[in-house]
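Visitor: Dropping in protein28.csv, which is CSV, C-alpha atoms:
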chain,number,residue,atom,x,y,z
V,337,MET,CA,17.8,35.2,70.4
V,338,PHE,CA,18.9,33.5,67.2
V,339,LYS,CA,16.7,30.5,68.1
V,340,LEU,CA,13.8,33.0,68.5
V,341,PHE,CA,14.5,34.4,65.0
V,342,LYS,CA,14.4,31.0,63.5
V,343,ASN,CA,11.4,29.7,65.4
V,344,SER,CA,9.5,32.8,64.5
V,345,PHE,CA,9.7,31.9,60.8
V,346,PHE,CA,8.0,28.6,61.6
V,347,LYS,CA,5.4,30.3,63.7
V,348,THR,CA,4.7,32.8,61.0
V,349,ASN,CA,3.9,29.9,58.6
V,350,ASP,CA,1.5,28.5,61.3
V,351,CYS,CA,-0.1,31.9,61.6
V,352,ILE,CA,-0.5,32.5,57.9
V,353,ILE,CA,-4.2,32.9,58.4
V,354,LEU,CA,-3.5,36.4,59.6
V,355,ALA,CA,-2.4,37.4,56.1
V,356,THR,CA,-5.9,37.2,54.7
V,357,PRO,CA,-7.5,40.0,56.8
V,358,LEU,CA,-4.2,42.0,56.4
V,359,ILE,CA,-4.3,41.8,52.6
V,360,ILE,CA,-8.0,42.7,52.5
V,361,PHE,CA,-7.5,45.7,54.8
V,362,LEU,CA,-4.5,47.1,52.9
V,363,SER,CA,-6.5,46.8,49.7
V,364,ILE,CA,-9.4,48.7,51.3
V,365,ILE,CA,-7.0,51.4,52.5
V,366,GLY,CA,-5.5,51.7,49.0
V,367,TRP,CA,-9.0,52.1,47.5
V,368,TYR,CA,-10.0,54.6,50.1
V,369,ALA,CA,-6.8,56.7,49.6
V,370,ASN,CA,-7.4,56.8,45.8
V,371,TYR,CA,-11.0,57.8,46.4
V,372,ALA,CA,-10.1,60.5,48.8
V,373,LYS,CA,-7.4,61.9,46.5
V,374,VAL,CA,-10.1,62.5,43.9
V,375,SER,CA,-13.1,63.5,46.0
V,376,VAL,CA,-11.6,65.6,48.8
V,377,ASP,CA,-11.6,69.2,47.6
V,378,THR,CA,-12.5,71.2,50.8
V,379,ILE,CA,-11.1,71.5,54.3
V,380,GLY,CA,-14.2,69.9,55.8
V,381,LYS,CA,-14.0,66.9,53.6
V,382,LEU,CA,-10.3,66.6,54.4
V,383,ILE,CA,-11.0,66.6,58.1
V,384,ILE,CA,-13.8,64.0,57.7
V,385,SER,CA,-11.6,61.8,55.5
V,386,ILE,CA,-8.7,61.9,58.1
V,387,ILE,CA,-11.0,61.1,61.0
V,388,THR,CA,-12.5,58.2,58.9
V,389,LEU,CA,-9.0,56.9,58.1
V,390,PHE,CA,-8.0,57.0,61.8
V,391,VAL,CA,-11.1,55.1,62.8
V,392,ILE,CA,-10.7,52.5,60.1
V,393,ILE,CA,-7.0,51.9,60.9
V,394,SER,CA,-7.5,51.9,64.7
V,395,GLY,CA,-10.4,49.5,64.4
V,396,PHE,CA,-8.7,47.0,62.2
V,397,SER,CA,-5.4,47.2,64.0
V,398,ALA,CA,-7.1,46.5,67.4
V,399,ALA,CA,-9.0,43.5,65.9
V,400,TRP,CA,-6.1,42.1,63.9
V,401,LEU,CA,-3.5,42.5,66.7
V,402,TYR,CA,-5.8,40.8,69.2
V,403,MET,CA,-6.4,38.0,66.7
V,404,ALA,CA,-2.6,37.7,66.2
V,405,LYS,CA,-2.1,37.3,69.9
V,406,LYS,CA,-4.7,34.4,70.0
V,407,THR,CA,-3.3,32.9,66.8
V,408,LEU,CA,0.2,32.8,68.2
V,409,LYS,CA,-1.1,31.1,71.3
V,410,LEU,CA,-3.0,28.6,69.3
V,411,SER,CA,0.0,27.8,67.1
V,412,SER,CA,1.7,26.4,70.2
V,413,LYS,CA,-1.0,23.8,70.9
V,414,VAL,CA,-0.8,20.2,69.7
V,415,PHE,CA,-3.9,18.8,67.9
V,416,LEU,CA,-4.6,15.2,67.4
V,417,PHE,CA,-6.6,15.8,64.3
V,418,ASP,CA,-6.1,18.4,61.6
V,419,LYS,CA,-9.8,19.1,61.4
V,420,ASN,CA,-9.8,20.3,65.0
V,421,ARG,CA,-6.9,22.6,64.3
V,422,ALA,CA,-8.7,23.9,61.2
V,423,LYS,CA,-11.8,24.5,63.3
V,424,GLU,CA,-9.9,26.4,65.9
V,425,MET,CA,-8.2,28.5,63.3
V,426,PHE,CA,-11.5,29.4,61.7
V,427,ASN,CA,-12.9,30.4,65.1
V,428,LEU,CA,-10.2,33.0,65.4
V,429,ILE,CA,-12.3,35.2,63.1
V,430,CYS,CA,-14.7,35.6,66.0
V,431,GLN,CA,-11.9,37.3,68.0
V,432,LEU,CA,-12.0,40.3,65.7
V,433,PRO,CA,-15.0,42.1,67.4
V,434,LYS,CA,-13.5,41.4,70.8
V,435,GLY,CA,-10.3,43.0,69.8
V,436,ILE,CA,-12.0,46.1,68.7
V,437,GLY,CA,-13.9,46.4,72.0
V,438,ARG,CA,-10.7,45.9,74.1
V,439,MET,CA,-8.1,47.8,72.2
V,440,PHE,CA,-9.7,50.3,69.9
V,441,PHE,CA,-9.1,53.4,72.0
V,442,PRO,CA,-5.5,52.5,73.1
V,443,ILE,CA,-4.6,51.9,69.4
V,444,LEU,CA,-6.3,55.1,68.4
V,445,GLY,CA,-4.2,56.9,71.1
V,446,VAL,CA,-1.0,55.4,69.6
V,447,LEU,CA,-1.9,56.5,66.1
V,448,MET,CA,-2.8,60.0,67.2
V,449,THR,CA,0.4,60.3,69.3
V,450,PHE,CA,2.6,59.2,66.3
V,451,THR,CA,0.7,61.6,64.0
V,452,LEU,CA,1.2,64.5,66.4
V,453,PHE,CA,4.8,63.7,67.0
V,454,TYR,CA,5.7,63.5,63.3
V,455,ALA,CA,3.7,66.7,62.5
V,456,VAL,CA,5.6,68.7,65.1
V,457,PHE,CA,8.9,67.1,63.9
V,458,PHE,CA,8.3,68.0,60.3
V,459,ILE,CA,7.4,71.6,61.2
V,460,ILE,CA,10.6,71.9,63.2
V,461,ILE,CA,13.0,70.4,60.6
V,462,ASN,CA,11.3,72.4,57.9
V,463,TYR,CA,11.8,75.6,59.9
V,464,PHE,CA,15.5,75.0,60.5
V,465,ILE,CA,16.2,73.7,56.9
V,466,SER,CA,14.4,76.7,55.4
V,467,LYS,CA,16.2,79.1,57.8
V,468,TYR,CA,19.8,77.8,57.5
V,469,ILE,CA,19.9,76.2,54.0
V,470,THR,CA,17.0,77.1,51.7
V,471,PRO,CA,13.2,77.0,51.7
V,472,ILE,CA,12.1,73.6,50.5
V,473,ASP,CA,9.0,72.9,48.5
V,474,LEU,CA,7.0,70.1,50.2
V,475,SER,CA,6.0,68.7,46.9
V,476,THR,CA,9.6,67.6,46.3
V,477,LEU,CA,9.3,65.2,49.3
V,478,GLY,CA,7.5,62.7,47.2
V,479,ILE,CA,4.0,64.0,47.0
V,480,SER,CA,4.2,65.0,43.4
V,481,TYR,CA,6.1,61.8,42.5
V,482,SER,CA,3.3,59.3,43.1
V,483,PHE,CA,2.6,58.7,39.5
V,484,MET,CA,6.1,59.0,38.1
V,485,THR,CA,8.4,56.3,37.0
V,486,SER,CA,11.8,55.9,38.7
V,487,ASP,CA,13.6,57.5,35.8
V,488,GLU,CA,11.3,60.5,35.8
V,489,ILE,CA,11.8,60.9,39.5
V,490,PHE,CA,15.6,60.7,39.1
V,491,TYR,CA,15.7,63.4,36.4
V,492,GLU,CA,13.2,65.6,38.3
V,493,ILE,CA,15.4,65.5,41.4
V,494,MET,CA,18.6,66.1,39.4
V,495,ASP,CA,17.1,69.3,37.9
V,496,LEU,CA,16.7,70.8,41.3
V,497,PRO,CA,19.2,73.6,42.3
V,498,GLN,CA,22.1,72.4,44.5
V,499,LYS,CA,20.8,74.1,47.6
V,500,GLU,CA,17.5,72.4,47.2
V,501,LEU,CA,19.2,69.0,46.7
V,502,ILE,CA,21.2,69.6,50.0
V,503,ALA,CA,18.0,70.6,51.8
V,504,LEU,CA,16.2,67.6,50.4
V,505,ASN,CA,19.0,65.2,51.5
V,506,CYS,CA,19.0,66.8,55.0
V,507,TRP,CA,15.3,66.3,55.2
V,508,TYR,CA,15.5,62.7,54.4
V,509,MET,CA,18.5,62.0,56.6
V,510,LEU,CA,16.9,63.7,59.6
V,511,THR,CA,13.6,61.9,59.0
V,512,PHE,CA,15.3,58.5,58.8
V,513,PHE,CA,17.4,59.2,61.9
V,514,ILE,CA,14.4,60.3,64.0
V,515,SER,CA,12.3,57.4,62.7
V,516,VAL,CA,14.9,54.9,63.7
V,517,VAL,CA,15.2,56.5,67.2
V,518,CYS,CA,11.5,56.6,67.6
V,519,ALA,CA,11.1,53.0,66.5
V,520,PHE,CA,13.8,51.9,69.0
V,521,PHE,CA,11.9,53.3,71.9
V,522,THR,CA,8.4,52.4,70.8
V,523,MET,CA,8.8,48.9,69.2
V,524,LEU,CA,7.5,47.2,72.3
V,525,TRP,CA,4.6,49.7,72.7
V,526,ILE,CA,2.1,47.7,70.7
V,527,PRO,CA,2.9,44.3,72.4
V,528,GLU,CA,2.6,46.0,75.8
V,529,ILE,CA,-0.9,47.2,74.8
V,530,VAL,CA,-1.9,43.9,73.4
V,531,TYR,CA,-0.8,41.8,76.3
V,532,GLY,CA,-1.2,44.3,79.2
V,533,GLU,CA,-4.3,46.0,77.8
V,534,LYS,CA,-3.2,49.2,79.4
V,535,ASN,CA,-3.9,52.8,78.3
V,536,PRO,CA,-1.4,53.9,75.6
V,537,PHE,CA,0.6,56.3,77.8
V,538,LYS,CA,1.0,53.9,80.7
V,539,ALA,CA,1.9,51.1,78.2
V,540,LEU,CA,4.5,53.3,76.6
V,541,ILE,CA,6.2,53.8,80.0
V,542,TYR,CA,6.2,50.1,80.8
V,543,SER,CA,7.5,49.2,77.3
V,544,ILE,CA,10.5,51.6,77.7
V,545,LYS,CA,11.2,50.0,81.1
V,546,ASN,CA,11.1,46.6,79.5
V,547,ILE,CA,13.6,47.8,76.9
V,548,PHE,CA,16.2,48.7,79.4
V,549,SER,CA,15.6,45.6,81.5
V,550,ASP,CA,16.8,43.4,78.6
V,551,ILE,CA,18.8,46.0,76.6
V,552,LYS,CA,21.4,43.6,75.2
V,553,ASN,CA,18.8,41.2,73.6
V,554,TYR,CA,16.6,44.1,72.6
V,555,VAL,CA,19.4,45.8,70.7
V,556,LEU,CA,20.0,42.5,68.9
V,557,LEU,CA,16.3,42.2,68.1
V,558,PHE,CA,16.0,45.7,66.8
V,559,SER,CA,19.2,45.5,64.7
V,560,PHE,CA,17.9,42.2,63.1
V,561,ILE,CA,14.5,43.8,62.2
V,562,ILE,CA,16.3,46.9,60.7
V,563,VAL,CA,18.5,44.7,58.6
V,564,LEU,CA,15.5,42.6,57.6
V,565,TYR,CA,13.6,45.7,56.7
V,566,ILE,CA,16.4,47.2,54.6
V,567,SER,CA,16.9,43.8,52.8
V,568,THR,CA,13.2,43.6,52.1
V,569,CYS,CA,13.2,47.1,50.7
V,570,LEU,CA,16.1,46.3,48.4
V,571,ILE,CA,14.6,43.1,47.2
V,572,ASN,CA,11.3,44.8,46.5
V,573,THR,CA,13.0,47.7,44.7
V,574,ILE,CA,14.8,45.2,42.4
V,575,LEU,CA,11.7,43.2,41.7
V,576,MET,CA,9.5,46.2,41.1
V,577,ILE,CA,11.5,47.0,37.9
V,578,ASN,CA,9.6,44.1,36.3
V,579,PRO,CA,5.8,44.6,36.5
V,580,ILE,CA,5.3,40.8,36.3
V,581,LEU,CA,7.2,40.4,39.5
V,582,TYR,CA,5.1,43.0,41.4
V,583,PHE,CA,2.9,40.2,42.8
V,584,ILE,CA,6.0,38.7,44.5
V,585,VAL,CA,6.8,42.1,45.9
V,586,LEU,CA,3.4,42.2,47.6
V,587,LEU,CA,3.9,38.7,49.0
V,588,ILE,CA,7.3,39.6,50.4
V,589,SER,CA,5.9,42.8,52.0
V,590,TYR,CA,2.9,41.0,53.6
V,591,TYR,CA,5.1,38.2,54.9
V,592,PHE,CA,7.6,40.7,56.3
V,593,ILE,CA,4.8,42.5,58.3
V,594,LEU,CA,3.5,39.2,59.6
V,595,TYR,CA,6.9,38.0,60.5
V,596,VAL,CA,7.8,41.1,62.5
V,597,VAL,CA,4.5,41.0,64.4
V,598,VAL,CA,5.0,37.3,65.3
V,599,LEU,CA,8.7,38.0,66.2
V,600,LEU,CA,7.8,40.9,68.5
V,601,PHE,CA,4.9,39.1,70.2
V,602,SER,CA,7.1,35.9,70.6
V,603,TYR,CA,9.9,38.0,72.1
V,604,TYR,CA,7.5,39.8,74.5
V,605,GLU,CA,5.9,36.5,75.6
V,606,PHE,CA,9.2,34.9,76.2
V,607,LYS,CA,10.9,37.8,78.1
V,608,PHE,CA,8.0,39.4,80.0
V,609,ILE,CA,5.2,36.9,80.4
V,610,GLU,CA,6.7,33.4,80.6
V,611,ALA,CA,9.7,34.7,82.6
Once more with this new file: its structure as structure tokens, please.

Guide:
Amino acid sequence: MFKLFKNSFFKTNDCIILATPLIIFLSIIGWYANYAKVSVDTIGKLIISIITLFVIISGFSAAWLYMAKKTLKLSSKVFLFDKNRAKEMFNLICQLPKGIGRMFFPILGVLMTFTLFYAVFFIIINYFISKYITPIDLSTLGISYSFMTSDEIFYEIMDLPQKELIALNCWYMLTFFISVVCAFFTMLWIPEIVYGEKNPFKALIYSIKNIFSDIKNYVLLFSFIIVLYISTCLINTILMINPILYFIVLLISYYFILYVVVLLFSYYEFKFIEA
């Protein structure tokens, strides 16, 4: 497994072409979110904007993940001339429409399942926290803090009554715990869809079976990704204090996403395809 972790870093560098569409897409999503925040003022517009966002995310994810699969396969090939390798890398762009055609609906199913799961989860925990601790204002969960500095957020939270602070901490701890558990059982869901091209619910069952068929290595893989995620968040938090270093924060975030995708796909190929 440790050899897989190390080799995935080199493969990520070979698959760096995947960063370009990822950066463009995340920039578009950021622009669309800012536009929707200003223009959406009715329930109808909200529904349309959510549907549009689902379609955009599902379409790009299907295309990009399929391209990632092909790029990873291409990175293992040996080319006599660099120009041949460059040509093959450029041709990967042509894989984007094929990925949308093959995996749009499965990825959309995954997105809708996660959305429904977390919606139900938030309703349940909000009910119990409100009943047994104190009603909590959803704006204190970060929605109203979007345009505040870290110092302003800190003082805003410290001004909350003690019961609301306890409720807020319970909310965050429960959300983190459920997110970790959910991630553990669904981390191979996307690779199963990409490589097996199954419907999302069938792919989820197969992915969970694969987890328990290699539980020891999978726990090590999951733990490594969690540690890497926490480390990345800490580094980004430290660097974001200085606006000049914000560009480095973005690079680290993009590289982390790309590395995790390459690592998961490499693990899946090694354990469940090549085996």

Visitor: Please indicate the distance in Å from CA of Lys405 (chain V) to CA of Thr348 (chain V), rounded to one decimal place.

Guide: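 Between CA of Lys405 (chain V) and CA of Thr348 (chain V) the gap works out to 12.1 Å.
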
Visitor: CA of Ser385 (chain V) to CA of Ile364 (chain V): how many Å, to one decimal?

Guide: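 Computing the Euclidean distance for CA of Ser385 (chain V) and CA of Ile364 (chain V) yields 13.9 Å.
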
Visitor: Quick one: distance from CA of Thr356 (chain V) to CA of Ile562 (chain V) in Å, one decimal?

Guide: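 Pair CA of Thr356 (chain V) / CA of Ile562 (chain V) returns 25.0 Å.
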
Visitor: Just want the 10 Å neighbourhood of Pro536 (chain V), counted on all atoms listed in the file, with same-chain residues fewer than 2 positions away dropped. Output as a list in words.

Guide: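 Non-adjacent residues within range: Met439, Phe441, Pro442, Ile443, Leu444, Gly445, Val446, Leu447, Thr449, Trp525, Ile526, Glu528, Ile529, Glu533, Lys534, Lys538, Ala539, Leu540, Ile541 and Tyr542 of chain V.
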
Visitor: When you count only C-alpha atoms, which of these residues is closest to Phe450 (chain V): V:Ala398, V:Ala519, V:Ile383, V:Ile392?

Guide: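 Of V:Ala398, V:Ala519, V:Ile383, V:Ile392, the one nearest Phe450 (chain V), counting only C-alpha atoms, is V:Ala519.
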
Visitor: Go through V:Leu510, V:Met448, V:Val585, V:Cys518 one by one, measure the shortest atom-to-atom distance of each to Phe537 (chain V) using only C-alpha atoms, and give the residue with the smallest value.

Guide: V:Met448

Visitor: What's around Asn553 (chain V) at 12 Å? Count only C-alpha atoms, leave out sequence neighbours fewer than 2 positions away in its own chain, and write the answer as a list in words.

Guide: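 The residues satisfying every condition are Met337, Phe338, Leu340, Phe341, Asn546, Ile547, Phe548, Ser549, Asp550, Ile551, Val555, Leu556, Leu557, Phe558, Ser559, Phe560, Tyr603, Tyr604, Phe606 and Lys607 of chain V.
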
Visitor: With distances taken over only C-alpha atoms, which residue among V:Ile566, V:Leu408, V:Ala355, V:Leu362 lies nearest Leu389 (chain V)?

Guide: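 Closest candidate: V:Leu362.
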
Visitor: Which one is closest to Ile469 (chain V): V:Cys506, V:Ile561, V:Val374, V:Val456? Count all atoms listed in the file.

Guide: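 Selected residue with least distance to Ile469 (chain V): V:Cys506.
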
Visitor: Neighbours of Trp400 (chain V) within 8 Å (all atoms listed in the file; same-chain residues fewer than 2 positions away dropped), as an MDAnalysis selection string?

Guide: chainID V and resid 354 357:358 396:398 402:404 432 435

Visitor: With only C-alpha atoms as the counted atoms, please give the residues lying no more than 12 Å from Ile459 (chain V), apart from itself and same-chain residues fewer than 5 positions off, as a PDB file with C-alpha atoms, in the coordinates of the input.

Guide:
ATOM      1  CA  LEU V 452       1.200  64.500  66.400  1.00  0.00           C
ATOM      2  CA  PHE V 453       4.800  63.700  67.000  1.00  0.00           C
ATOM      3  CA  TYR V 454       5.700  63.500  63.300  1.00  0.00           C
ATOM      4  CA  PHE V 464      15.500  75.000  60.500  1.00  0.00           C
ATOM      5  CA  ILE V 465      16.200  73.700  56.900  1.00  0.00           C
ATOM      6  CA  SER V 466      14.400  76.700  55.400  1.00  0.00           C
ATOM      7  CA  ILE V 472      12.100  73.600  50.500  1.00  0.00           C
ATOM      8  CA  LEU V 474       7.000  70.100  50.200  1.00  0.00           C
ATOM      9  CA  TRP V 507      15.300  66.300  55.200  1.00  0.00           C
ATOM     10  CA  THR V 511      13.600  61.900  59.000  1.00  0.00           C
TER      11      THR V 511
END

Visitor: Using all atoms listed in the file, which residues sit within 10 Å of Thr568 (chain V) once same-chain residues fewer than 5 positions away are excluded, as a ChimeraX atom specification?

Guide: /V:562-563,573-574,585,588-589,592

Visitor: Could you tell me which of V:Leu382, V:Ile436, V:Cys569, V:Ile593 comes closest to Ile359 (chain V) if we count only C-alpha atoms?

Guide: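 Nearest to Ile359 (chain V): V:Ile593.
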